[in-house]
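Listing of my_file09.cif, mmCIF, C-alpha atoms
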data_my_file
#
loop_
_atom_site.label_atom_id
_atom_site.label_comp_id
_atom_site.auth_asym_id
_atom_site.auth_seq_id
_atom_site.Cartn_x
_atom_site.Cartn_y
_atom_site.Cartn_z
CA MET A 22 31.76 25.00 9.01
CA ARG A 23 28.68 24.23 11.11
CA ILE A 24 26.41 25.48 8.34
CA GLU A 25 28.19 23.22 5.84
CA ARG A 26 27.86 20.23 8.17
CA THR A 27 24.17 20.96 8.75
CA PHE A 28 23.52 21.28 5.02
CA SER A 29 25.48 18.10 4.31
CA GLY A 30 23.54 16.25 7.01
CA LEU A 31 20.25 17.45 5.58
CA LEU A 32 21.18 16.15 2.13
CA ARG A 33 21.99 12.77 3.65
CA SER A 34 18.76 12.49 5.63
CA PRO A 35 15.29 11.43 4.52
CA THR A 36 13.83 14.68 5.88
CA LEU A 37 14.62 16.57 2.69
CA ALA A 38 13.08 13.75 0.64
CA ALA A 39 9.92 13.83 2.79
CA ALA A 40 9.66 17.62 2.42
CA ALA A 41 10.15 17.38 -1.36
CA ALA A 42 7.54 14.61 -1.57
CA PHE A 43 4.97 16.66 0.32
CA ALA A 44 5.68 19.80 -1.73
CA LEU A 45 5.36 17.89 -5.01
CA ARG A 46 2.05 16.29 -4.02
CA ILE A 47 0.53 19.48 -2.65
CA VAL A 48 1.48 21.43 -5.78
CA LEU A 49 -0.10 18.75 -7.98
CA LEU A 50 -3.17 18.74 -5.73
CA TRP A 51 -3.51 22.49 -6.21
CA LEU A 52 -3.04 22.19 -9.98
CA SER A 53 -5.61 19.39 -10.25
CA HIS A 54 -8.27 21.54 -8.53
CA ARG A 55 -7.20 25.03 -9.68
CA GLY A 56 -10.05 27.04 -11.16
CA GLU A 57 -12.50 24.13 -11.29
CA ASP A 58 -16.23 24.20 -10.63
CA PRO A 59 -16.89 22.05 -7.52
CA ALA A 60 -19.97 20.61 -9.23
CA TYR A 61 -17.90 19.55 -12.25
CA PRO A 62 -14.38 18.64 -11.11
CA LYS A 63 -11.66 18.23 -13.72
CA PHE A 64 -10.56 14.93 -12.17
CA ASP A 65 -12.98 12.72 -10.27
CA THR A 66 -11.88 11.72 -6.79
CA VAL A 67 -12.84 8.17 -5.76
CA GLY A 68 -13.77 7.14 -2.23
CA LEU A 69 -17.45 7.82 -1.67
CA GLU A 70 -17.97 5.14 1.01
CA ALA A 71 -15.25 6.48 3.29
CA HIS A 72 -16.41 10.06 2.70
CA LEU A 73 -20.02 9.33 3.62
CA VAL A 74 -19.02 7.45 6.77
CA ALA A 75 -16.65 10.27 7.78
CA SER A 76 -19.42 12.83 7.24
CA SER A 77 -21.80 10.74 9.36
CA LEU A 78 -19.23 10.60 12.15
CA ALA A 79 -18.66 14.36 11.97
CA ALA A 80 -22.44 14.94 12.09
CA GLY A 81 -22.79 12.76 15.19
CA LYS A 82 -24.63 9.89 13.48
CA GLY A 83 -21.93 7.34 14.22
CA PHE A 84 -20.27 4.86 11.85
CA PHE A 85 -23.15 5.02 9.44
CA GLY A 86 -24.36 5.10 5.82
CA PRO A 87 -21.55 4.02 3.43
CA PHE A 88 -23.80 4.31 0.33
CA PRO A 89 -26.17 7.12 -0.67
CA ARG A 90 -29.23 4.83 -0.44
CA TYR A 91 -27.99 2.65 2.41
CA GLN A 92 -28.61 4.55 5.62
CA ALA A 93 -27.65 2.06 8.33
CA ILE A 94 -24.97 1.27 10.90
CA THR A 95 -22.08 -0.27 9.02
CA ALA A 96 -18.72 -2.01 9.08
CA TRP A 97 -18.32 -1.92 5.30
CA VAL A 98 -15.09 0.08 5.66
CA ALA A 99 -12.32 -0.16 8.24
CA PRO A 100 -12.60 2.49 10.98
CA VAL A 101 -9.26 4.32 11.26
CA TYR A 102 -9.24 6.34 8.03
CA PRO A 103 -12.88 7.57 8.25
CA PHE A 104 -12.31 8.57 11.90
CA LEU A 105 -9.23 10.62 10.97
CA TRP A 106 -11.18 12.23 8.14
CA ALA A 107 -14.13 12.95 10.42
CA ILE A 108 -11.87 14.71 12.95
CA GLY A 109 -10.70 17.14 10.25
CA GLU A 110 -14.22 17.67 8.95
CA LYS A 111 -15.50 18.37 12.46
CA LEU A 112 -12.67 20.70 13.47
CA PHE A 113 -12.69 22.81 10.30
CA HIS A 114 -16.44 22.69 9.46
CA LEU A 115 -15.74 21.57 5.91
CA THR A 116 -18.13 21.39 2.98
CA PHE A 117 -18.30 18.22 0.89
CA TYR A 118 -15.88 19.68 -1.67
CA SER A 119 -13.37 21.07 0.83
CA SER A 120 -13.64 17.85 2.85
CA THR A 121 -12.44 15.92 -0.21
CA MET A 122 -9.42 18.19 -0.55
CA PHE A 123 -8.71 17.77 3.16
CA ALA A 124 -8.62 13.99 2.71
CA GLN A 125 -6.33 14.36 -0.30
CA ALA A 126 -4.01 16.65 1.67
CA MET A 127 -4.03 14.11 4.51
CA ASN A 128 -3.04 11.43 2.01
CA CYS A 129 -0.18 13.65 0.83
CA VAL A 130 1.10 13.82 4.40
CA PHE A 131 0.94 10.02 4.76
CA SER A 132 2.66 9.47 1.42
CA ALA A 133 5.43 11.97 2.15
CA ALA A 134 6.00 10.53 5.65
CA THR A 135 6.59 7.10 4.09
CA CYS A 136 10.02 8.40 3.02
CA TRP A 137 11.28 7.92 6.59
CA PRO A 138 10.54 4.18 7.00
CA VAL A 139 11.62 3.55 3.39
CA PHE A 140 14.97 5.13 4.23
CA GLY A 141 15.22 3.20 7.50
CA ILE A 142 14.47 -0.17 5.89
CA GLY A 143 16.86 0.42 3.00
CA LYS A 144 19.59 1.47 5.42
CA LYS A 145 19.12 -1.53 7.73
CA VAL A 146 18.86 -4.17 5.01
CA PHE A 147 21.34 -2.74 2.50
CA SER A 148 23.20 0.53 3.16
CA MET A 149 22.82 4.23 3.85
CA ARG A 150 23.06 5.03 0.13
CA ILE A 151 20.40 2.50 -0.85
CA GLY A 152 18.12 3.82 1.89
CA LEU A 153 18.49 7.43 0.80
CA ALA A 154 18.15 6.61 -2.89
CA SER A 155 15.01 4.56 -2.14
CA ALA A 156 13.48 7.50 -0.28
CA TRP A 157 14.04 9.71 -3.32
CA VAL A 158 12.60 7.04 -5.61
CA TRP A 159 9.48 7.18 -3.42
CA VAL A 160 9.34 10.96 -3.83
CA PHE A 161 8.84 10.66 -7.59
CA LEU A 162 7.25 7.21 -7.91
CA PRO A 163 4.15 7.84 -10.07
CA TYR A 164 1.82 5.67 -7.97
CA ALA A 165 3.00 7.26 -4.73
CA VAL A 166 2.15 10.62 -6.30
CA LEU A 167 -1.10 9.67 -8.05
CA PHE A 168 -3.00 7.64 -5.44
CA PRO A 169 -3.03 10.32 -2.69
CA LEU A 170 -4.69 12.67 -5.16
CA GLU A 171 -7.03 10.26 -6.92
CA TRP A 172 -8.33 8.17 -4.01
CA THR A 173 -9.71 9.42 -0.71
CA TRP A 174 -9.11 5.98 0.72
CA ASP A 175 -6.69 4.30 3.10
CA GLN A 176 -4.02 3.15 0.61
CA SER A 177 -1.48 5.89 1.46
CA LEU A 178 -1.95 5.40 5.20
CA SER A 179 -1.75 1.61 4.73
CA ALA A 180 1.54 1.97 2.84
CA LEU A 181 2.95 4.14 5.63
CA LEU A 182 1.83 1.77 8.39
CA LEU A 183 3.09 -1.38 6.67
CA ALA A 184 6.46 0.27 6.00
CA VAL A 185 6.66 1.29 9.67
CA ILE A 186 5.74 -2.28 10.68
CA VAL A 187 8.53 -3.78 8.57
CA TYR A 188 11.01 -1.24 9.96
CA ALA A 189 9.82 -2.08 13.49
CA THR A 190 10.18 -5.78 12.71
CA LEU A 191 13.79 -5.22 11.69
CA THR A 192 14.38 -3.15 14.82
CA LEU A 193 12.57 -5.40 17.28
CA ARG A 194 15.23 -8.11 17.07
CA GLU A 195 17.68 -5.62 18.60
CA SER A 196 15.30 -4.44 21.32
CA GLY A 197 14.94 -6.10 24.69
CA PRO A 198 12.36 -4.03 26.64
CA SER A 199 8.87 -5.42 27.05
CA LEU A 200 7.45 -2.01 26.13
CA ALA A 201 8.77 -2.46 22.58
CA LEU A 202 6.68 -5.62 22.19
CA THR A 203 3.57 -3.78 23.37
CA GLY A 204 4.16 -0.96 20.91
CA TYR A 205 4.73 -3.49 18.13
CA ALA A 206 1.43 -5.24 18.89
CA LEU A 207 -0.49 -1.95 18.99
CA LEU A 208 1.07 -0.92 15.68
CA TRP A 209 -0.23 -4.13 14.12
CA ALA A 210 -3.68 -3.46 15.59
CA LEU A 211 -3.71 0.07 14.14
CA ALA A 212 -2.75 -1.32 10.72
CA ALA A 213 -5.46 -4.01 10.95
CA LEU A 214 -8.10 -1.39 11.77
CA THR A 215 -6.90 0.57 8.73
CA ASN A 216 -6.57 -2.28 6.25
CA PRO A 217 -7.23 -5.79 7.63
CA THR A 218 -5.47 -7.40 4.64
CA VAL A 219 -2.15 -6.72 6.40
CA CYS A 220 -3.06 -9.41 8.94
CA ILE A 221 -1.96 -12.05 6.43
CA LEU A 222 1.62 -10.91 7.10
CA LEU A 223 1.49 -10.94 10.91
CA PRO A 224 2.45 -14.60 11.54
CA PHE A 225 5.39 -14.43 9.15
CA LEU A 226 6.87 -11.09 10.24
CA LEU A 227 6.31 -11.86 13.92
CA GLY A 228 7.86 -15.31 13.49
CA TRP A 229 10.89 -13.85 11.71
CA SER A 230 11.36 -11.24 14.43
CA MET A 231 11.08 -13.80 17.23
CA LEU A 232 13.62 -16.09 15.57
CA LYS A 233 16.02 -13.15 15.40
CA ARG A 234 15.40 -12.33 19.08
CA ARG A 235 16.63 -15.70 20.33
CA ALA A 236 19.94 -14.13 21.31
CA LEU A 237 18.16 -11.71 23.66
CA PRO A 238 17.24 -12.64 27.25
CA GLY A 239 13.78 -14.13 27.69
CA PRO A 240 11.95 -16.80 25.68
CA SER A 241 10.98 -15.71 22.17
CA LEU A 242 7.84 -17.88 22.25
CA ALA A 243 6.51 -15.95 25.25
CA SER A 244 7.28 -12.69 23.43
CA ALA A 245 5.31 -13.85 20.38
CA ALA A 246 2.40 -14.87 22.61
CA LYS A 247 2.42 -11.45 24.27
CA VAL A 248 2.35 -9.62 20.93
CA THR A 249 -0.48 -11.83 19.71
CA LEU A 250 -2.52 -11.36 22.90
CA ILE A 251 -2.18 -7.57 22.91
CA PHE A 252 -3.00 -7.45 19.19
CA VAL A 253 -6.20 -9.44 19.73
CA LEU A 254 -7.21 -7.44 22.80
CA ALA A 255 -6.74 -4.17 20.90
CA LEU A 256 -9.22 -5.37 18.27
CA VAL A 257 -11.80 -6.66 20.75
CA PRO A 258 -13.66 -3.33 21.29
CA TRP A 259 -14.32 -2.86 17.57
CA THR A 260 -15.31 -6.52 17.18
CA ILE A 261 -17.77 -6.24 20.09
CA ARG A 262 -19.18 -3.07 18.59
CA ASN A 263 -19.71 -4.86 15.28
CA TYR A 264 -21.36 -7.84 16.96
CA TYR A 265 -23.99 -5.76 18.76
CA ALA A 266 -24.44 -3.04 16.11
CA LEU A 267 -24.73 -5.42 13.14
CA ASP A 268 -26.18 -8.46 14.91
CA GLY A 269 -23.40 -10.78 13.79
CA PHE A 270 -19.68 -11.48 14.14
CA VAL A 271 -17.51 -9.18 12.01
CA PHE A 272 -13.73 -9.11 12.48
CA VAL A 273 -12.93 -5.59 11.19
CA LYS A 274 -14.81 -5.14 7.91
CA SER A 275 -17.97 -6.89 6.82
CA ASN A 276 -17.60 -6.90 3.05
CA PHE A 277 -15.20 -9.77 2.25
CA GLY A 278 -18.02 -12.05 1.06
CA THR A 279 -19.27 -9.40 -1.36
CA GLU A 280 -15.80 -8.69 -2.72
CA LEU A 281 -15.18 -12.42 -3.21
CA TRP A 282 -18.50 -12.76 -5.03
CA LEU A 283 -17.90 -9.69 -7.23
CA GLY A 284 -14.79 -11.43 -8.57
CA ASN A 285 -16.29 -14.91 -8.79
CA ASN A 286 -19.73 -15.07 -10.40
CA PRO A 287 -21.12 -15.77 -13.89
CA ALA A 288 -21.08 -12.06 -14.81
CA VAL A 289 -17.29 -11.71 -14.43
CA LYS A 290 -15.64 -11.17 -17.80
CA GLU A 291 -12.03 -10.46 -16.81
CA ILE A 292 -11.34 -9.16 -13.29
CA TYR A 293 -14.66 -8.65 -11.52
CA SER A 294 -18.22 -7.35 -11.98
CA PRO A 295 -18.44 -3.79 -10.56
CA GLU A 296 -21.94 -3.32 -11.97
CA LEU A 297 -23.25 -5.75 -9.32
CA HIS A 298 -21.94 -3.77 -6.35
CA PRO A 299 -24.73 -2.63 -3.96
CA LEU A 300 -23.42 0.91 -4.32
CA VAL A 301 -24.73 1.04 -7.90
CA ASN A 302 -27.10 -1.93 -8.17
CA THR A 303 -30.54 -1.64 -6.58
CA ARG A 304 -31.21 -5.37 -6.91
CA GLU A 305 -28.25 -6.03 -4.65
CA LEU A 306 -28.90 -3.10 -2.33
CA ILE A 307 -32.38 -4.31 -1.33
CA PRO A 308 -31.27 -7.72 0.06
CA LEU A 309 -28.37 -5.96 1.81
CA ILE A 310 -30.85 -3.68 3.61
CA LEU A 311 -33.27 -6.50 4.41
CA ASN A 312 -30.72 -9.09 5.58
CA GLY A 313 -28.07 -6.88 7.15
CA GLU A 314 -24.37 -6.81 6.33
CA PRO A 315 -23.22 -10.06 8.05
CA ASN A 316 -25.99 -12.21 6.55
CA TYR A 317 -25.76 -10.60 3.11
CA ASN A 318 -22.00 -11.12 2.97
CA ARG A 319 -22.26 -14.72 4.16
CA GLN A 320 -24.77 -15.40 1.38
CA LYS A 321 -22.46 -13.84 -1.20
CA GLN A 322 -19.49 -15.78 0.13
CA ARG A 323 -21.41 -19.06 -0.17
CA ALA A 324 -22.44 -18.13 -3.73
CA ALA A 325 -18.83 -17.32 -4.64
CA VAL A 326 -17.49 -20.57 -3.18
CA ALA A 327 -20.17 -22.55 -5.01
CA PHE A 328 -19.21 -20.83 -8.28
CA ILE A 329 -15.51 -21.55 -7.73
CA LYS A 330 -16.21 -25.23 -7.04
CA ALA A 331 -18.44 -25.51 -10.09
CA HIS A 332 -16.05 -23.62 -12.43
CA PRO A 333 -12.45 -24.24 -11.28
CA ARG A 334 -10.96 -23.46 -14.71
CA VAL A 335 -12.78 -20.14 -14.94
CA PHE A 336 -11.61 -19.31 -11.41
CA LEU A 337 -7.98 -20.10 -12.27
CA ARG A 338 -8.23 -18.03 -15.45
CA ASN A 339 -9.62 -15.08 -13.48
CA VAL A 340 -6.91 -15.48 -10.84
CA PHE A 341 -4.30 -15.32 -13.58
CA GLU A 342 -5.90 -12.17 -15.03
CA ARG A 343 -5.89 -10.57 -11.58
CA PHE A 344 -2.28 -11.62 -11.04
CA LYS A 345 -1.35 -10.05 -14.37
CA ASP A 346 -3.27 -6.87 -13.57
CA THR A 347 -1.60 -6.56 -10.16
CA TRP A 348 1.87 -6.45 -11.69
CA SER A 349 1.25 -4.88 -15.11
CA ALA A 350 -1.97 -2.79 -14.82
CA THR A 351 -3.48 -4.46 -17.90
CA TYR A 352 -7.03 -3.95 -16.62
CA ASP A 353 -6.48 -1.14 -14.14
CA SER A 354 -5.06 1.17 -16.81
CA ARG A 355 -8.31 0.85 -18.79
CA GLU A 356 -10.48 1.71 -15.79
CA ASP A 357 -8.49 4.39 -13.97
CA ALA A 358 -10.20 7.70 -14.71
CA TRP A 359 -7.07 9.80 -14.14
CA ILE A 360 -4.90 7.58 -16.36
CA ILE A 361 -7.54 7.83 -19.09
CA ALA A 362 -7.91 11.60 -18.71
CA LEU A 363 -4.12 12.07 -18.88
CA ARG A 364 -3.86 9.64 -21.85
CA LEU A 365 -1.25 7.55 -20.12
CA ARG A 366 -2.70 4.06 -20.53
CA ARG A 367 0.13 2.55 -22.59
CA LEU A 368 2.75 4.29 -20.50
CA ASP A 369 1.04 3.03 -17.34
CA VAL A 370 1.18 -0.60 -18.52
CA TRP A 371 4.78 -0.25 -19.63
CA PHE A 372 5.94 1.47 -16.45
CA CYS A 373 4.03 -0.85 -14.11
CA SER A 374 5.43 -3.93 -15.86
CA MET A 375 9.01 -2.65 -15.78
CA PHE A 376 8.69 -1.52 -12.17
CA SER A 377 7.48 -4.99 -11.22
CA VAL A 378 10.23 -6.77 -13.16
CA VAL A 379 12.99 -4.63 -11.67
CA SER A 380 11.49 -4.97 -8.18
CA PHE A 381 11.40 -8.76 -8.35
CA ALA A 382 14.90 -8.80 -9.79
CA GLY A 383 16.03 -6.76 -6.79
CA MET A 384 14.20 -9.12 -4.45
CA ILE A 385 15.91 -12.17 -5.97
CA LEU A 386 19.33 -10.50 -5.81
CA ALA A 387 18.73 -9.46 -2.20
CA VAL A 388 17.58 -12.95 -1.19
CA ARG A 389 20.63 -14.50 -2.83
CA SER A 390 22.90 -12.02 -1.06
CA ASP A 391 21.37 -12.31 2.43
CA TRP A 392 18.02 -14.10 2.50
CA GLN A 393 17.47 -13.56 6.22
CA GLU A 394 17.67 -9.77 5.96
CA ALA A 395 15.61 -9.58 2.77
CA MET A 396 12.92 -11.98 3.99
CA PRO A 397 10.50 -9.48 5.65
CA MET A 398 10.17 -7.40 2.49
CA ALA A 399 10.11 -10.46 0.22
CA VAL A 400 7.28 -11.98 2.28
CA CYS A 401 5.28 -8.77 1.85
CA LEU A 402 5.66 -8.83 -1.94
CA LEU A 403 4.77 -12.50 -2.23
CA LEU A 404 1.92 -12.81 0.26
CA PHE A 405 0.14 -9.46 0.54
CA PRO A 406 -1.55 -9.54 -2.94
CA ILE A 407 -2.94 -13.09 -2.51
CA PRO A 408 -6.40 -12.00 -1.22
CA TYR A 409 -6.72 -9.71 -4.24
CA TYR A 410 -5.83 -12.50 -6.67
CA ILE A 411 -8.79 -14.39 -5.20
CA THR A 412 -11.27 -11.49 -5.00
CA HIS A 413 -10.38 -8.71 -7.46
CA SER A 414 -7.33 -6.61 -8.19
CA ALA A 415 -6.40 -2.94 -8.53
CA LEU A 416 -3.11 -1.08 -8.31
CA ARG A 417 -4.33 0.84 -5.27
CA TYR A 418 -4.82 -2.50 -3.48
CA ARG A 419 -1.15 -3.27 -4.19
CA HIS A 420 0.01 0.16 -3.03
CA PRO A 421 0.84 -0.84 0.60
CA ILE A 422 3.76 -2.92 -0.74
CA ASP A 423 4.96 -0.29 -3.21
CA PRO A 424 7.52 1.05 -0.67
CA PHE A 425 9.29 -2.33 -0.69
CA MET A 426 9.13 -2.46 -4.46
CA ALA A 427 10.83 0.95 -4.51
CA ILE A 428 13.59 -0.35 -2.22
CA PHE A 429 14.14 -3.55 -4.21
CA SER A 430 14.13 -1.59 -7.48
CA THR A 431 16.77 0.79 -6.13
CA TYR A 432 18.90 -2.15 -4.99
CA ALA A 433 18.57 -3.86 -8.41
CA ILE A 434 19.62 -0.70 -10.26
CA ALA A 435 22.57 -0.20 -7.88
CA TRP A 436 23.62 -3.84 -8.32
CA MET A 437 23.47 -3.53 -12.11
CA TRP A 438 25.45 -0.30 -11.97
CA ARG A 439 28.16 -1.93 -9.85
CA ALA A 440 28.26 -4.91 -12.19
CA LEU A 441 28.59 -2.73 -15.30
CA THR A 442 31.02 -0.13 -13.89
CA PRO A 443 34.14 -2.38 -14.02
CA ARG A 444 33.37 -3.24 -17.65
CA ILE A 445 32.90 0.42 -18.51
CA ASP A 446 36.17 1.29 -16.75
CA GLN A 447 37.91 -1.60 -18.51
CA ALA A 448 36.56 -0.50 -21.89
CA ALA A 449 37.58 3.09 -21.19
CA GLY A 450 41.05 1.94 -20.16
CA SER A 451 41.43 -0.17 -23.30
CA PHE A 452 40.30 2.76 -25.43
CA ALA A 453 42.78 5.11 -23.74
CA ALA A 454 45.59 2.57 -24.12
CA GLY A 455 44.76 2.19 -27.81
CA LYS A 456 44.85 5.93 -28.34
CA GLU A 457 48.21 6.15 -26.57
CA GLU A 458 49.64 3.34 -28.66
CA LEU A 459 48.36 4.96 -31.85
CA ALA A 460 49.97 8.27 -30.83
CA THR A 461 53.29 6.52 -30.17
CA VAL A 462 53.22 4.87 -33.58
CA SER A 463 52.48 8.19 -35.23
CA ILE A 464 55.45 9.86 -33.47
CA ASP A 465 57.77 6.99 -34.48
CA ARG A 466 56.79 7.51 -38.05
#

Would you kindly transcribe this structure into C-alpha cells?
Amino acid sequence: MRIERTFSGLLRSPTLAAAAAFALRIVLLWLSHRGEDPAYPKFDTVGLEAHLVASSLAAGKGFFGPFPRYQAITAWVAPVYPFLWAIGEKLFHLTFYSSTMFAQAMNCVFSAATCWPVFGIGKKVFSMRIGLASAWVWVFLPYAVLFPLEWTWDQSLSALLLAVIVYATLTLRESGPSLALTGYALLWALAALTNPTVCILLPFLLGWSMLKRRALPGPSLASAAKVTLIFVLALVPWTIRNYYALDGFVFVKSNFGTELWLGNNPAVKEIYSPELHPLVNTRELIPLILNGEPNYNRQKQRAAVAFIKAHPRVFLRNVFERFKDTWSATYDSREDAWIIALRLRRLDVWFCSMFSVVSFAGMILAVRSDWQEAMPMAVCLLLFPIPYYITHSALRYRHPIDPFMAIFSTYAIAWMWRALTPRIDQAAGSFAAGKEELATVSIDR
C-alpha cells in the first residue's frame, strides 16, 4: 500500500517531469555530439562572448575579453552566467570543447528545474491538474529542449529565474515575515544580474504583490520600499565595479546602445544588421577599443535615436517585423543554424505561430475568468518582449516567458476540452438513443 501511495504521489508531482526533462535533454545532447570531430562539430553552438569571458575568469584574468580581438575589461555580458560557467571550467580543468558541453549540460539542468515553478504557478493560478500538465508540456516543448543545446547563453537560467520570481510573487501575498521580502528582493537582483531585461517587470509584479498583501499586518508601501532598497543595494557592487573598471556608469550590461543601433540604422533590411556587430566588423571594433564600452555605446545610442527620429515610418515597420518574428519566428527560422540543419523551418514557423495563438487565447480566457490571479503572467507576456521590439528580436530572447506561454496554452487546451466534452457526450447520447430506437422499430416489425 505504501509503495502504491509513493508511486501515485510521484506521478502527481513535478519531480518526475523534471527528471524526464533532464533525461531527454541530456540524451539529445549526447546524440548531437556523438562521434563528432571537435574541430568540425555537427551542430554549431552559439555563445562565444559568454564562453570567452568565462574562460578569462577561470584563467584568473577577470571579467575580460568578450570578443576574440577585443582583449579588455568588459561589461558586455551580464555576470551571473559566465561566473557559473567559469566555476565549472576551473573545477574540472575543461578544454574549450568540453567546456561548451559543460555549459550545455548546465543549461539542461536549468531547463529541467523550470518544471517545478511551472507546476507551482499552474497549481496556484488554476489547479493541480493544470500545473502538472503544464510541467509536462515544458518537458517536451521544442524551444525548452532546443535552446539549452544550441545556445551557451543565459536564456535557460533566465527562464528558470523569472518563473521562480512569478511563483514567489504569487506566494509573497500569503507571507508575512520580513525575511521573505529580503529573499524576494535578492531573487530579483540575481535575475537582473543574469538578464537585466527582467527589470522591466519589477514595478508591476512588486506592485501587484503589495496590493495583495494589504490584508497582512504592516504597511504594504513600506514593504515595497524595502524590496526596492535591497534590490538596489544588491546591484551596487557590480555597478561600482563597472564605473571604475570601464570609466563610466553602466547599470549591469554596457551594450544596450549597440543593440539599439544594430536594429535601427540605414543598413537594417528586416530585423537588424548583424554584420555591423563589433564581434565580426573591424570598422566597429576599432572605435570600441579606442573609446571604451560606455562611450562607444552612448555614441551608438545617439545614432540610433537620431535614425528613429529621422525615419519614424521605417522604425515602425521594423518594430512590426520584430513583433511578428517574436511570435511566429518568421525571421528567426531562416537564421537559426539548428533549424536549418534539421530542415524544420516551415514547421518552426507553423509551431511558433500556433503556440503563440493558443497561449494568448489561454491568457485572455484566464483574465476573463480571474484577472487578478492571471495578471502576473499576463504582464510578463505583454511587457517583457518590448525592449526586443525596439532593438532586435530572436526566439531565445523570448524564452524567459515561454514557461508562462506553456501554462496558458495548457489552460486554453483544457478549457476547450471542457467546452467540447458536453457536446461530444450529447452527440454520443443522441447516437445511442437513435440506435436503441432503431432496434425497437426493427423488433416491432

Determine the nearest neighbour of Phe429 in chain A from the options A:Asn285, A:Ser374, A:Gln393, A:Ser380, counting only C-alpha atoms.
->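 Among the listed residues, the smallest separation from Phe429 in chain A belongs to A:Ser380.
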
Just give me the gap between CA of Ala395 in chain A and CA of Val370 in chain A in Å, one decimal is fine.
->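 That distance, rounded to one decimal, is 27.2 Å.
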
Output of the PyMOL selection byres ((chain A and resi 218) around 12), listed as a short mmCIF file (atom, residue, chain, number, x, y, z; two decimals) with C-alpha atoms, keeping the file's coordinate frame:
data_model
loop_
_atom_site.label_atom_id
_atom_site.label_comp_id
_atom_site.auth_asym_id
_atom_site.auth_seq_id
_atom_site.Cartn_x
_atom_site.Cartn_y
_atom_site.Cartn_z
CA ALA A 99 -12.32 -0.16 8.24
CA ASP A 175 -6.69 4.30 3.10
CA GLN A 176 -4.02 3.15 0.61
CA SER A 179 -1.75 1.61 4.73
CA ALA A 180 1.54 1.97 2.84
CA LEU A 183 3.09 -1.38 6.67
CA TRP A 209 -0.23 -4.13 14.12
CA ALA A 210 -3.68 -3.46 15.59
CA ALA A 212 -2.75 -1.32 10.72
CA ALA A 213 -5.46 -4.01 10.95
CA LEU A 214 -8.10 -1.39 11.77
CA THR A 215 -6.90 0.57 8.73
CA ASN A 216 -6.57 -2.28 6.25
CA PRO A 217 -7.23 -5.79 7.63
CA VAL A 219 -2.15 -6.72 6.40
CA CYS A 220 -3.06 -9.41 8.94
CA ILE A 221 -1.96 -12.05 6.43
CA LEU A 222 1.62 -10.91 7.10
CA LEU A 223 1.49 -10.94 10.91
CA PHE A 272 -13.73 -9.11 12.48
CA VAL A 273 -12.93 -5.59 11.19
CA LYS A 274 -14.81 -5.14 7.91
CA PHE A 277 -15.20 -9.77 2.25
CA CYS A 401 5.28 -8.77 1.85
CA LEU A 404 1.92 -12.81 0.26
CA PHE A 405 0.14 -9.46 0.54
CA PRO A 406 -1.55 -9.54 -2.94
CA ILE A 407 -2.94 -13.09 -2.51
CA PRO A 408 -6.40 -12.00 -1.22
CA TYR A 409 -6.72 -9.71 -4.24
CA THR A 412 -11.27 -11.49 -5.00
CA TYR A 418 -4.82 -2.50 -3.48
CA ARG A 419 -1.15 -3.27 -4.19
CA PRO A 421 0.84 -0.84 0.60
CA ILE A 422 3.76 -2.92 -0.74
#

Spell out the residues picked by the PyMOL selection byres ((chain A and resi 313-327) around 9) here, as an MDAnalysis selection string.
-> chainID A and resid 95:97 267:271 275:286 308:312 328:332

Run the PyMOL selection byres ((chain A and resi 382) around 12) mentally over the shown coordinates, then write out the matched residues as a PyMOL selection string, using the chain letters and numbers from the document.
-> chain A and resi 375-381+383-389+399+426-437

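Note that the spacing between CA of Val74 in chain A and CA of Leu52 in chain A amounts to 27.4 Å.
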
From A:Ala41, A:Leu193, A:Val248, A:Ala124, residue lying nearest Lys233 in chain A [all atoms listed in the file] |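 The answer is A:Leu193, which sits nearest to Lys233 in chain A.
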
Output file: range 370-381 of chain A, C-alpha atoms, as a short mmCIF file (atom, residue, chain, number, x, y, z; two decimals), in the first residue's frame:
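Saved the output as selection00.cif:
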data_model
loop_
_atom_site.label_atom_id
_atom_site.label_comp_id
_atom_site.auth_asym_id
_atom_site.auth_seq_id
_atom_site.Cartn_x
_atom_site.Cartn_y
_atom_site.Cartn_z
CA VAL A 370 7.06 28.97 -38.20
CA TRP A 371 3.86 26.94 -38.01
CA PHE A 372 4.50 25.66 -34.49
CA CYS A 373 5.67 29.02 -33.14
CA SER A 374 2.62 30.78 -34.56
CA MET A 375 0.18 28.20 -33.19
CA PHE A 376 1.92 28.14 -29.81
CA SER A 377 1.60 31.92 -29.61
CA VAL A 378 -2.06 31.94 -30.66
CA VAL A 379 -3.03 29.25 -28.16
CA SER A 380 -1.00 30.95 -25.42
CA PHE A 381 -2.70 34.30 -25.93
#
